[in-house]
Structure formats: structure tokens, C-alpha cells
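The next block is structure.pdb, given as PDB, C-alpha atoms and all ligand atoms.
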ATOM      1  CA  MET A   1      90.339  72.048 189.121
ATOM      2  CA  ALA A   2      86.769  73.207 189.812
ATOM      3  CA  ASP A   3      87.108  76.500 187.943
ATOM      4  CA  ILE A   4      89.054  74.977 185.044
ATOM      5  CA  ARG A   5      87.437  73.948 181.813
ATOM      6  CA  ASN A   6      90.023  74.431 179.072
ATOM      7  CA  ILE A   7      93.568  73.100 179.370
ATOM      8  CA  VAL A   8      96.626  73.504 177.152
ATOM      9  CA  ILE A   9      99.497  71.097 177.857
ATOM     10  CA  LEU A  10     102.962  71.643 176.388
ATOM     11  CA  THR A  11     105.246  68.610 176.351
ATOM     12  CA  GLY A  12     108.956  68.318 175.605
ATOM     13  CA  ALA A  13     111.663  65.692 175.410
ATOM     14  CA  GLY A  14     111.568  65.105 179.185
ATOM     15  CA  ILE A  15     108.220  63.305 178.962
ATOM     16  CA  SER A  16     109.764  60.688 176.676
ATOM     17  CA  ALA A  17     113.073  60.395 178.562
ATOM     18  CA  GLU A  18     111.859  57.508 180.712
ATOM     19  CA  SER A  19     110.807  55.679 177.551
ATOM     20  CA  GLY A  20     114.500  55.685 176.624
ATOM     21  CA  ILE A  21     114.476  58.519 174.070
ATOM     22  CA  ASP A  22     117.391  60.939 174.423
ATOM     23  CA  THR A  23     116.597  64.528 175.360
ATOM     24  CA  PHE A  24     118.497  67.354 173.631
ATOM     25  CA  ARG A  25     120.197  69.413 176.305
ATOM     26  CA  ASP A  26     120.655  67.084 179.293
ATOM     27  CA  ALA A  27     124.056  65.478 179.933
ATOM     28  CA  GLY A  28     124.581  62.897 177.193
ATOM     29  CA  GLY A  29     121.710  64.408 175.193
ATOM     30  CA  LEU A  30     121.538  64.639 171.405
ATOM     31  CA  TRP A  31     123.198  68.035 171.171
ATOM     32  CA  GLU A  32     126.276  66.675 172.952
ATOM     33  CA  GLN A  33     126.550  63.965 170.304
ATOM     34  CA  HIS A  34     125.747  66.075 167.197
ATOM     35  CA  ARG A  35     126.258  69.699 166.225
ATOM     36  CA  VAL A  36     122.901  71.426 165.717
ATOM     37  CA  GLU A  37     124.329  73.279 162.709
ATOM     38  CA  ASP A  38     125.211  69.941 161.036
ATOM     39  CA  VAL A  39     121.895  68.139 161.412
ATOM     40  CA  ALA A  40     118.981  70.405 162.387
ATOM     41  CA  THR A  41     118.962  73.390 160.046
ATOM     42  CA  PRO A  42     117.761  73.853 156.468
ATOM     43  CA  GLU A  43     121.307  74.922 155.569
ATOM     44  CA  ALA A  44     122.677  71.596 156.823
ATOM     45  CA  PHE A  45     120.188  69.704 154.655
ATOM     46  CA  ALA A  46     121.128  71.770 151.591
ATOM     47  CA  ARG A  47     124.850  71.216 152.266
ATOM     48  CA  ASP A  48     124.880  67.519 153.160
ATOM     49  CA  PRO A  49     121.482  65.856 152.798
ATOM     50  CA  ASP A  50     122.846  62.346 153.343
ATOM     51  CA  LEU A  51     124.293  63.256 156.729
ATOM     52  CA  VAL A  52     120.997  64.805 157.818
ATOM     53  CA  LEU A  53     118.955  61.884 156.486
ATOM     54  CA  ARG A  54     121.207  59.395 158.276
ATOM     55  CA  PHE A  55     120.758  61.332 161.533
ATOM     56  CA  TYR A  56     116.973  61.057 161.165
ATOM     57  CA  ASP A  57     117.160  57.390 160.115
ATOM     58  CA  MET A  58     119.010  56.752 163.352
ATOM     59  CA  ARG A  59     116.473  58.744 165.404
ATOM     60  CA  ARG A  60     113.502  57.070 163.700
ATOM     61  CA  ASP A  61     114.923  53.586 164.287
ATOM     62  CA  ALA A  62     115.559  54.399 167.940
ATOM     63  CA  ILE A  63     112.092  55.844 168.528
ATOM     64  CA  GLN A  64     110.250  52.951 166.909
ATOM     65  CA  THR A  65     111.592  50.494 169.466
ATOM     66  CA  LYS A  66     110.401  52.622 172.416
ATOM     67  CA  THR A  67     107.035  52.516 174.139
ATOM     68  CA  PRO A  68     104.883  55.049 176.022
ATOM     69  CA  ASN A  69     105.543  55.454 179.753
ATOM     70  CA  PRO A  70     103.099  56.223 182.597
ATOM     71  CA  ALA A  71     103.254  59.977 181.828
ATOM     72  CA  HIS A  72     102.051  59.482 178.231
ATOM     73  CA  ARG A  73      99.377  57.077 179.447
ATOM     74  CA  ALA A  74      98.149  59.500 182.121
ATOM     75  CA  LEU A  75      97.759  62.301 179.533
ATOM     76  CA  ALA A  76      95.931  59.912 177.204
ATOM     77  CA  ARG A  77      93.558  59.078 180.057
ATOM     78  CA  LEU A  78      93.007  62.767 180.734
ATOM     79  CA  ASP A  79      92.346  63.337 177.020
ATOM     80  CA  ARG A  80      89.727  60.555 177.024
ATOM     81  CA  GLU A  81      87.987  61.653 180.198
ATOM     82  CA  TRP A  82      88.230  65.458 180.193
ATOM     83  CA  GLU A  83      85.012  66.903 178.838
ATOM     84  CA  GLY A  84      86.295  70.461 178.523
ATOM     85  CA  GLY A  85      88.732  71.791 175.977
ATOM     86  CA  LEU A  86      92.123  70.112 175.942
ATOM     87  CA  LEU A  87      95.092  70.356 173.608
ATOM     88  CA  ILE A  88      98.412  68.547 173.999
ATOM     89  CA  VAL A  89     100.939  70.671 172.134
ATOM     90  CA  THR A  90     104.050  68.566 171.828
ATOM     91  CA  GLN A  91     107.487  69.682 170.724
ATOM     92  CA  ASN A  92     108.370  66.008 170.393
ATOM     93  CA  VAL A  93     108.681  64.358 167.018
ATOM     94  CA  ASP A  94     108.003  60.888 168.460
ATOM     95  CA  ASP A  95     104.514  59.369 168.378
ATOM     96  CA  LEU A  96     104.345  58.177 171.982
ATOM     97  CA  HIS A  97     101.348  60.379 172.888
ATOM     98  CA  GLU A  98      99.377  58.787 170.049
ATOM     99  CA  ARG A  99     100.587  55.278 170.829
ATOM    100  CA  ALA A 100      99.399  55.818 174.422
ATOM    101  CA  GLY A 101      95.957  56.645 172.981
ATOM    102  CA  ALA A 102      95.852  60.467 173.082
ATOM    103  CA  GLU A 103      93.951  62.087 170.218
ATOM    104  CA  ARG A 104      94.007  65.828 170.876
ATOM    105  CA  VAL A 105      97.717  66.141 170.000
ATOM    106  CA  LEU A 106      99.418  68.826 167.919
ATOM    107  CA  HIS A 107     103.047  68.314 166.816
ATOM    108  CA  MET A 108     104.467  71.829 166.586
ATOM    109  CA  HIS A 109     107.966  70.609 165.590
ATOM    110  CA  GLY A 110     106.824  67.924 163.125
ATOM    111  CA  GLU A 111     106.747  64.117 163.195
ATOM    112  CA  HIS A 112     109.614  61.721 162.630
ATOM    113  CA  LEU A 113     107.395  59.260 160.762
ATOM    114  CA  ASN A 114     106.550  61.791 158.044
ATOM    115  CA  ALA A 115     108.446  62.768 154.925
ATOM    116  CA  TRP A 116     107.701  66.165 153.408
ATOM    117  CA  CYS A 117     107.896  66.971 149.704
ATOM    118  CA  THR A 118     108.715  70.670 149.463
ATOM    119  CA  ALA A 119     108.070  70.566 145.687
ATOM    120  CA  CYS A 120     104.330  69.854 146.028
ATOM    121  CA  ASP A 121     103.814  70.221 149.820
ATOM    122  CA  THR A 122     102.677  66.606 150.294
ATOM    123  CA  ARG A 123     103.324  64.673 153.493
ATOM    124  CA  SER A 124     103.706  60.902 153.279
ATOM    125  CA  ARG A 125     104.804  58.133 155.633
ATOM    126  CA  TRP A 126     108.572  57.823 155.681
ATOM    127  CA  THR A 127     109.409  54.268 154.711
ATOM    128  CA  GLY A 128     112.824  53.984 153.138
ATOM    129  CA  PRO A 129     116.281  53.701 154.649
ATOM    130  CA  LEU A 130     119.155  55.567 153.015
ATOM    131  CA  ILE A 131     119.703  53.211 150.096
ATOM    132  CA  ASP A 132     116.029  52.897 149.233
ATOM    133  CA  ARG A 133     114.538  56.333 149.712
ATOM    134  CA  PRO A 134     111.032  56.661 148.319
ATOM    135  CA  ASP A 135     110.088  59.353 145.792
ATOM    136  CA  CYS A 136     107.152  61.624 146.524
ATOM    137  CA  PRO A 137     103.988  59.549 145.965
ATOM    138  CA  ALA A 138     102.171  62.632 144.621
ATOM    139  CA  CYS A 139     104.647  64.271 142.215
ATOM    140  CA  GLY A 140     107.609  61.893 141.937
ATOM    141  CA  GLU A 141     110.145  64.351 143.369
ATOM    142  CA  PRO A 142     113.146  62.213 144.374
ATOM    143  CA  ARG A 143     114.349  64.203 147.358
ATOM    144  CA  LEU A 144     112.035  64.189 150.362
ATOM    145  CA  ARG A 145     113.026  65.833 153.614
ATOM    146  CA  PRO A 146     112.155  64.845 157.162
ATOM    147  CA  ASP A 147     108.957  66.584 158.292
ATOM    148  CA  ILE A 148     110.794  68.258 161.143
ATOM    149  CA  VAL A 149     110.875  71.957 162.096
ATOM    150  CA  TRP A 150     114.529  72.951 162.053
ATOM    151  CA  PHE A 151     116.082  76.049 163.598
ATOM    152  CA  GLY A 152     115.051  79.171 161.736
ATOM    153  CA  GLU A 153     111.838  77.556 160.451
ATOM    154  CA  MET A 154     108.328  78.415 161.554
ATOM    155  CA  PRO A 155     106.783  75.847 163.930
ATOM    156  CA  TYR A 156     103.528  74.317 162.767
ATOM    157  CA  ARG A 157      99.971  75.411 163.529
ATOM    158  CA  MET A 158     100.815  78.470 165.607
ATOM    159  CA  GLU A 159      97.345  79.917 164.965
ATOM    160  CA  ASP A 160      95.674  76.795 166.382
ATOM    161  CA  ILE A 161      97.978  76.898 169.401
ATOM    162  CA  TYR A 162      97.199  80.539 170.159
ATOM    163  CA  ALA A 163      93.483  79.967 169.624
ATOM    164  CA  ALA A 164      93.606  77.258 172.317
ATOM    165  CA  MET A 165      95.753  79.459 174.580
ATOM    166  CA  ARG A 166      93.268  82.302 174.338
ATOM    167  CA  GLY A 167      90.544  80.110 175.846
ATOM    168  CA  ALA A 168      92.738  78.249 178.335
ATOM    169  CA  HIS A 169      92.166  78.367 182.086
ATOM    170  CA  LEU A 170      95.237  76.235 182.796
ATOM    171  CA  PHE A 171      98.574  75.901 181.008
ATOM    172  CA  VAL A 172     100.760  72.947 181.983
ATOM    173  CA  SER A 173     104.345  72.477 180.800
ATOM    174  CA  ILE A 174     105.894  69.012 181.091
ATOM    175  CA  GLY A 175     109.532  68.009 180.530
ATOM    176  CA  THR A 176     110.856  70.937 178.550
ATOM    177  CA  SER A 177     113.904  73.105 179.223
ATOM    178  CA  GLY A 178     112.317  76.342 178.028
ATOM    179  CA  ALA A 179     115.345  76.932 175.801
ATOM    180  CA  VAL A 180     113.648  77.020 172.404
ATOM    181  CA  TYR A 181     111.260  79.671 171.149
ATOM    182  CA  PRO A 182     108.443  80.175 170.482
ATOM    183  CA  ALA A 183     107.411  77.319 172.837
ATOM    184  CA  ALA A 184     109.572  78.802 175.607
ATOM    185  CA  GLY A 185     107.396  81.921 175.528
ATOM    186  CA  PHE A 186     104.062  80.116 175.889
ATOM    187  CA  VAL A 187     104.060  80.374 179.685
ATOM    188  CA  ARG A 188     104.269  84.164 179.537
ATOM    189  CA  ASP A 189     101.619  84.254 176.803
ATOM    190  CA  ALA A 190      99.339  81.979 178.823
ATOM    191  CA  ARG A 191      99.744  84.130 181.941
ATOM    192  CA  SER A 192      99.005  87.324 180.113
ATOM    193  CA  LEU A 193      95.899  85.655 178.642
ATOM    194  CA  GLY A 194      94.729  84.865 182.179
ATOM    195  CA  ALA A 195      95.555  81.159 182.570
ATOM    196  CA  LYS A 196      96.995  79.532 185.684
ATOM    197  CA  THR A 197     100.376  77.982 184.936
ATOM    198  CA  LEU A 198     101.933  74.760 186.232
ATOM    199  CA  GLU A 199     105.322  73.249 185.420
ATOM    200  CA  LEU A 200     106.167  69.550 185.863
ATOM    201  CA  ASN A 201     109.872  68.944 185.240
ATOM    202  CA  LEU A 202     112.818  66.966 186.541
ATOM    203  CA  GLU A 203     114.653  70.142 187.502
ATOM    204  CA  ARG A 204     114.074  73.875 187.353
ATOM    205  CA  SER A 205     113.983  75.095 183.748
ATOM    206  CA  GLN A 206     114.907  78.422 182.192
ATOM    207  CA  GLY A 207     111.259  79.449 182.441
ATOM    208  CA  SER A 208     110.520  78.207 185.966
ATOM    209  CA  GLY A 209     110.247  81.719 187.369
ATOM    210  CA  TRP A 210     107.236  82.404 185.151
ATOM    211  CA  PHE A 211     105.052  79.589 186.468
ATOM    212  CA  ASP A 212     102.544  79.944 189.301
ATOM    213  CA  GLU A 213     103.709  76.534 190.513
ATOM    214  CA  THR A 214     106.592  74.197 189.685
ATOM    215  CA  ARG A 215     106.678  70.545 190.781
ATOM    216  CA  LEU A 216     110.013  68.776 190.406
ATOM    217  CA  GLY A 217     110.486  65.051 189.739
ATOM    218  CA  PRO A 218     110.295  62.432 186.992
ATOM    219  CA  ALA A 219     107.378  62.817 184.588
ATOM    220  CA  SER A 220     106.364  59.172 185.090
ATOM    221  CA  GLU A 221     105.479  60.043 188.686
ATOM    222  CA  LEU A 222     104.458  63.713 188.502
ATOM    223  CA  VAL A 223     102.091  63.463 185.551
ATOM    224  CA  PRO A 224      99.955  60.539 186.810
ATOM    225  CA  SER A 225      99.703  62.138 190.241
ATOM    226  CA  TRP A 226      98.642  65.483 188.703
ATOM    227  CA  VAL A 227      96.082  63.795 186.415
ATOM    228  CA  ASP A 228      94.627  61.639 189.192
TER
HETATM  229  C1  LIG B 301     112.577  65.432 182.520
HETATM  230  C2  LIG B 301     112.934  64.121 182.591
HETATM  231  C3  LIG B 301     112.025  63.296 183.208
HETATM  232  C4  LIG B 301     114.551  65.078 181.641
HETATM  233  N1  LIG B 301     110.884  63.793 183.672
HETATM  234  N2  LIG B 301     111.495  66.013 182.964
HETATM  235  C5  LIG B 301     113.313  84.333 170.413
HETATM  236  C6  LIG B 301     114.388  84.540 171.257
HETATM  237  C7  LIG B 301     115.568  83.859 171.056
HETATM  238  C8  LIG B 301     115.716  82.970 169.998
HETATM  239  C9  LIG B 301     114.661  82.761 169.151
HETATM  240  C10 LIG B 301     113.488  83.448 169.372
HETATM  241  N3  LIG B 301     112.601  83.050 168.425
HETATM  242  C11 LIG B 301     113.192  82.150 167.620
HETATM  243  C12 LIG B 301     114.441  81.952 168.016
HETATM  244  C13 LIG B 301     115.401  81.016 167.343
HETATM  245  C14 LIG B 301     115.215  79.573 167.694
HETATM  246  C15 LIG B 301     115.516  79.414 169.168
HETATM  247  O1  LIG B 301     114.653  79.329 170.007
HETATM  248  N4  LIG B 301     116.774  79.317 169.508
HETATM  249  C16 LIG B 301     117.164  79.132 170.910
HETATM  250  C17 LIG B 301     118.160  78.012 170.985
HETATM  251  C18 LIG B 301     117.579  80.455 171.492
HETATM  252  N5  LIG B 301     113.879  79.067 167.366
HETATM  253  C19 LIG B 301     113.577  78.661 166.153
HETATM  254  O2  LIG B 301     114.383  78.702 165.242
HETATM  255  C20 LIG B 301     112.181  78.145 165.941
HETATM  256  N6  LIG B 301     111.563  78.789 164.876
HETATM  257  C21 LIG B 301     111.043  80.036 164.987
HETATM  258  O3  LIG B 301     111.111  80.685 166.002
HETATM  259  O4  LIG B 301     110.380  80.444 163.876
HETATM  260  C22 LIG B 301     110.027  81.813 163.779
HETATM  261  C23 LIG B 301     110.996  82.414 162.847
HETATM  262  C24 LIG B 301     111.207  81.822 161.636
HETATM  263  C25 LIG B 301     112.096  82.396 160.761
HETATM  264  C26 LIG B 301     112.768  83.526 161.136
HETATM  265  C27 LIG B 301     112.537  84.107 162.368
HETATM  266  C28 LIG B 301     111.638  83.547 163.238
HETATM  267  C29 LIG B 301     112.210  76.671 165.523
HETATM  268  C30 LIG B 301     112.676  75.789 166.602
HETATM  269  C31 LIG B 301     112.759  74.351 166.111
HETATM  270  C32 LIG B 301     113.256  73.449 167.189
HETATM  271  N7  LIG B 301     113.659  72.233 166.644
HETATM  272  C33 LIG B 301     114.200  71.221 167.539
HETATM  273  C34 LIG B 301     114.857  70.126 166.721
HETATM  274  C35 LIG B 301     113.893  69.263 166.061
HETATM  275  C36 LIG B 301     114.674  68.321 165.286
HETATM  276  C37 LIG B 301     114.833  67.006 165.904
HETATM  277  O5  LIG B 301     114.041  66.549 166.729
HETATM  278  O6  LIG B 301     115.791  66.438 165.487
HETATM  279  O7  LIG B 301     113.174  70.739 168.395
HETATM  280  S1  LIG B 301     115.439  71.789 168.668
HETATM  281  C38 LIG B 301     114.987  70.736 169.962
HETATM  282  O8  LIG B 301     114.659  71.573 171.082
HETATM  283  C39 LIG B 301     113.713  70.014 169.521
HETATM  284  C40 LIG B 301     112.853  70.192 170.744
HETATM  285  O9  LIG B 301     111.494  70.073 170.385
HETATM  286  C41 LIG B 301     113.244  71.533 171.269
HETATM  287  C42 LIG B 301     112.930  71.745 172.725
HETATM  288  O10 LIG B 301     113.683  70.885 173.514
HETATM  289  P1  LIG B 301     113.028  70.264 174.823
HETATM  290  O11 LIG B 301     111.909  69.377 174.458
HETATM  291  O12 LIG B 301     112.766  71.319 175.800
HETATM  292  O13 LIG B 301     114.241  69.296 175.320
HETATM  293  P2  LIG B 301     115.509  69.649 176.213
HETATM  294  O14 LIG B 301     116.471  68.546 176.043
HETATM  295  O15 LIG B 301     115.984  71.002 175.960
HETATM  296  O16 LIG B 301     114.954  69.636 177.714
HETATM  297  C43 LIG B 301     114.471  68.466 178.330
HETATM  298  C44 LIG B 301     113.880  68.839 179.688
HETATM  299  O17 LIG B 301     113.276  67.690 180.232
HETATM  300  C45 LIG B 301     114.919  69.341 180.714
HETATM  301  O18 LIG B 301     114.413  70.501 181.360
HETATM  302  C46 LIG B 301     115.045  68.188 181.698
HETATM  303  O19 LIG B 301     115.264  68.621 183.031
HETATM  304  C47 LIG B 301     113.678  67.559 181.577
HETATM  305  N8  LIG B 301     113.686  66.135 181.861
HETATM  306  N9  LIG B 301     114.229  64.015 182.000
HETATM  307  C48 LIG B 301     110.658  65.146 183.540
HETATM  308  N10 LIG B 301     112.303  61.991 183.350
END

Can I see the file as C-alpha cells?
Ligand code: BJW
Amino acid sequence: MADIRNIVILTGAGISAESGIDTFRDAGGLWEQHRVEDVATPEAFARDPDLVLRFYDMRRDAIQTKTPNPAHRALARLDREWEGGLLIVTQNVDDLHERAGAERVLHMHGEHLNAWCTACDTRSRWTGPLIDRPDCPACGEPRLRPDIVWFGEMPYRMEDIYAAMRGAHLFVSIGTSGAVYPAAGFVRDARSLGAKTLELNLERSQGSGWFDETRLGPASELVPSWVD
């Protein structure tokens, strides 16, 4: 790592799998249990908001009982100790990076703990279950939506992500299938911007061929051994 100063790390559902949070596309994953079109699009929310809200209530309840695993803790340690530039860009909506102690974290697909008022663009902490849903604390709008980037919506803070990628010497992808854009294209972007690229994943992903190096195995083992 002698010639590396700035690092961008992309994480996906695989880093939280060993904490007990379902991934999306693995066997038994969320998209086998729910149709994407029913729960993870703006059209679904317009058509049947209660169904979508119940799906996210269920996800939020499940996530809150889970705890960070050695992979989250290793990245938090790296974040604390790395004096160069570092950005953890996570596609995950859980807060396990933060609960492990990481600070330089960007949630490009939103956060399950947040509610978003599209009437006045205020984010607030999501507190209510279905029968007691809070109104917007800023404008009183009664219908808040989960602060989640659904299919067809623009992921958050793309300019900040590309600013970090432009200065990165190393791009590391952890636990993501490379099935969802624009995150799936980051490895090619990073390469063309001159960064070295490393993938840490349980199995080969759709993007594996683009990485300089791929290491296969569980994140709880691969990430600590890469960090140390
Ligand atoms: C382990 C492990 C262990 C397991 N250790 N590893 C260009 C080309 C083609 C299509 C598109 C394109 N640009 C845009 C699109 C459309 C679309 C898209 O990509 N569709 C594809 C399906 C083709 N993208 C979008 O719509 C995005 N928006 C966008 O592009 O905006 C621009 C735009 C706007 C308007 C008009 C036009 C353009 C938005 C995408 C939003 C994604 N949202 C979701 C759902 C969030 C809701 C929720 O959480 O409920 O985000 S989808 C879901 O997939 C979730 C994830 O963040 C995302 C990525 O999944 P991830 O993390 O990779 O999980 P898995 O399950 O797929 O993989 C897990 C991996 O871990 C596997 O590889 C395992 O092997 C591994 N693993 N255990 C290590 N222990």
C-alpha cells in the first residue's frame, strides 16, 4: 500500500450478510421473497403505499436487532487509522458501518432509519409503525416515504462519489453482485481514472473481470485480513 494515499471502498449487501441481514440476489434473498416492482419503485409506493411501508417496517425491525460483524469493524478501524483520503460508499441502507464506528460513510441508496418528506424535502428519523406514522416535523405533511433510492431514481451524492473517485489510488469493492447501476460501473470508472481495483466477495460477481484482483471468501475473513 506504499504508493496508495486515497481509497474509495464500495460496500454491498454481502458485507452485512454475516450479521444476519438478507442480501437481495442470493438464494433466499429479498428479491426471491418480494417482487421488486411491488416494493422498491416509486410506482409501487404511489399504487400501494401501505404495502411498501409494511415492507420497510419489516426490514427496519430486522436490521435493528443485528450487530456489526468483523468486516464492518475492520473498515471502521481503517477509517480511524488511515491518514489519507478514504470514503466508504455503501449501497446498504443499514447503519452497521456507523454502529461499528466508521465516520467517512456515504449512503448512496439511502438509510432505513430516515423518513423523507417529498413535500418540503426534510429528512427525519423514522419512528412510527404502520398504525402510528408520524407527520413531517417540518411541514406537517402526513405521508412520509422511506428515504430509500428505488429503481429509476437517482442515487444520492453522485458528485461527491466521483470527486473521491477522481483522486483515488485504490478502489475496493466488498460484497456486491455488480448487478445494479450506477454502482456496478464504478470499477470501470475507477480504472479509467487510474486507480488499482480490488474485489472482496464470496463468489465471482458480474463485474469480476474488471478488477485487477479478486479475492473470494466471506467478508468477515477477507476484510480484516486485507485491512491488517
Ligand atoms: C458475500 C457474502 C459474504 C454474500 N461475504 N460477500 C445502466 C445499465 C443497465 C441498467 C441501468 C443502468 N443505469 C440504471 C439502470 C437501472 C437500474 C439498474 O441498475 N437496474 C439493473 C437491475 C439492471 N438502476 C437504477 O434504477 C438506479 N438509479 C439510476 O441509475 O438512476 C439514474 C437514472 C435515474 C432516472 C432515469 C434514468 C437513470 C437506482 C438503483 C437503486 C437500487 N436500489 C436497491 C433497493 C433499495 C431498497 C431496499 O433496500 O429495499 O438497492 S436494489 C438493491 O440492489 C439495493 C442494493 O443496494 C442494490 C445492490 O445489491 P447488492 O448490494 O450488490 O446485493 P446483492 O444481493 O445483489 O449481492 C450480494 C453480493 O454479496 C453477492 O455477490 C454475494 O456473492 C455476496 N455475498 N454473502 C462476502 N458473507

Neighbour residues at most 12 Å from (123.7, 70.6, 159.7) (all atoms listed in the file) as a PyMOL selection string: chain A and resi 31+34-56+150-151

Selected residue of minimal separation from Ile148 of chain A among A:Asp94, A:Asp3, A:Asp26, A:Glu83, counting all atoms listed in the file: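 Of A:Asp94, A:Asp3, A:Asp26, A:Glu83, the one nearest Ile148 of chain A, counting all atoms listed in the file, is A:Asp94.
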
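Proximity ranking of A:Ala164, A:Leu86, A:Leu113, A:Ala17 relative to ligand LIG 301 (chain B) places A:Ala17 first, based on only C-alpha atoms and all ligand atoms.
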
Residues matched by the PyMOL selection byres (((not hetatm)) within 8 of (chain B and resi 301)) as number ranges by chain: A: 11-18, 22-26, 29-30, 39-40, 56, 59, 90-93, 109-110, 112, 148-155, 174-184, 200-206, 216-220

Atom CA of Asp228 of chain A to atom CA of Gln64 of chain A, straight-line distance in Å: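 Going from atom CA of Gln64 of chain A over to atom CA of Asp228 of chain A covers 28.6 Å.
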
Can you sort out segment 103-125 of chain A so it carries N, CA and C atoms, written as an mmCIF file, in the frame of the given file?
data_model
loop_
_atom_site.group_PDB
_atom_site.id
_atom_site.type_symbol
_atom_site.label_atom_id
_atom_site.label_comp_id
_atom_site.auth_asym_id
_atom_site.auth_seq_id
_atom_site.Cartn_x
_atom_site.Cartn_y
_atom_site.Cartn_z
ATOM 1 N N GLU A 103 94.420 61.661 171.546
ATOM 2 C CA GLU A 103 93.951 62.087 170.218
ATOM 3 C C GLU A 103 94.109 63.580 169.993
ATOM 4 N N ARG A 104 93.934 64.370 171.055
ATOM 5 C CA ARG A 104 94.007 65.828 170.876
ATOM 6 C C ARG A 104 95.475 66.275 170.989
ATOM 7 N N VAL A 105 96.263 65.900 169.983
ATOM 8 C CA VAL A 105 97.717 66.141 170.000
ATOM 9 C C VAL A 105 98.100 66.970 168.790
ATOM 10 N N LEU A 106 98.918 67.974 169.012
ATOM 11 C CA LEU A 106 99.418 68.826 167.919
ATOM 12 C C LEU A 106 100.953 68.810 167.969
ATOM 13 N N HIS A 107 101.575 68.406 166.874
ATOM 14 C CA HIS A 107 103.047 68.314 166.816
ATOM 15 C C HIS A 107 103.621 69.605 166.232
ATOM 16 N N MET A 108 104.024 70.526 167.106
ATOM 17 C CA MET A 108 104.467 71.829 166.586
ATOM 18 C C MET A 108 105.842 71.772 165.924
ATOM 19 N N HIS A 109 106.648 70.730 166.223
ATOM 20 C CA HIS A 109 107.966 70.609 165.590
ATOM 21 C C HIS A 109 108.030 69.458 164.592
ATOM 22 N N GLY A 110 106.854 68.958 164.148
ATOM 23 C CA GLY A 110 106.824 67.924 163.125
ATOM 24 C C GLY A 110 106.786 66.519 163.707
ATOM 25 N N GLU A 111 106.881 65.526 162.799
ATOM 26 C CA GLU A 111 106.747 64.117 163.195
ATOM 27 C C GLU A 111 107.792 63.282 162.476
ATOM 28 N N HIS A 112 108.502 62.469 163.231
ATOM 29 C CA HIS A 112 109.614 61.721 162.630
ATOM 30 C C HIS A 112 109.138 60.693 161.617
ATOM 31 N N LEU A 113 107.884 60.279 161.697
ATOM 32 C CA LEU A 113 107.395 59.260 160.762
ATOM 33 C C LEU A 113 107.020 59.843 159.405
ATOM 34 N N ASN A 114 106.979 61.169 159.302
ATOM 35 C CA ASN A 114 106.550 61.791 158.044
ATOM 36 C C ASN A 114 107.721 62.272 157.204
ATOM 37 N N ALA A 115 107.557 62.118 155.891
ATOM 38 C CA ALA A 115 108.446 62.768 154.925
ATOM 39 C C ALA A 115 107.658 63.919 154.307
ATOM 40 N N TRP A 116 108.362 64.979 153.958
ATOM 41 C CA TRP A 116 107.701 66.165 153.408
ATOM 42 C C TRP A 116 108.316 66.485 152.050
ATOM 43 N N CYS A 117 107.443 66.573 151.035
ATOM 44 C CA CYS A 117 107.896 66.971 149.704
ATOM 45 C C CYS A 117 107.714 68.485 149.596
ATOM 46 N N THR A 118 108.826 69.213 149.547
ATOM 47 C CA THR A 118 108.715 70.670 149.463
ATOM 48 C C THR A 118 108.336 71.115 148.043
ATOM 49 N N ALA A 119 108.451 70.200 147.056
ATOM 50 C CA ALA A 119 108.070 70.566 145.687
ATOM 51 C C ALA A 119 106.556 70.708 145.568
ATOM 52 N N CYS A 120 105.798 69.788 146.181
ATOM 53 C CA CYS A 120 104.330 69.854 146.028
ATOM 54 C C CYS A 120 103.617 69.918 147.374
ATOM 55 N N ASP A 121 104.369 70.054 148.473
ATOM 56 C CA ASP A 121 103.814 70.221 149.820
ATOM 57 C C ASP A 121 102.974 69.025 150.269
ATOM 58 N N THR A 122 103.382 67.813 149.853
ATOM 59 C CA THR A 122 102.677 66.606 150.294
ATOM 60 C C THR A 122 103.460 65.936 151.423
ATOM 61 N N ARG A 123 102.708 65.487 152.443
ATOM 62 C CA ARG A 123 103.324 64.673 153.493
ATOM 63 C C ARG A 123 102.989 63.214 153.233
ATOM 64 N N SER A 124 103.976 62.327 153.424
ATOM 65 C CA SER A 124 103.706 60.902 153.279
ATOM 66 C C SER A 124 104.438 60.174 154.392
ATOM 67 N N ARG A 125 104.106 58.904 154.600
ATOM 68 C CA ARG A 125 104.804 58.133 155.633
ATOM 69 C C ARG A 125 106.210 57.853 155.139
#
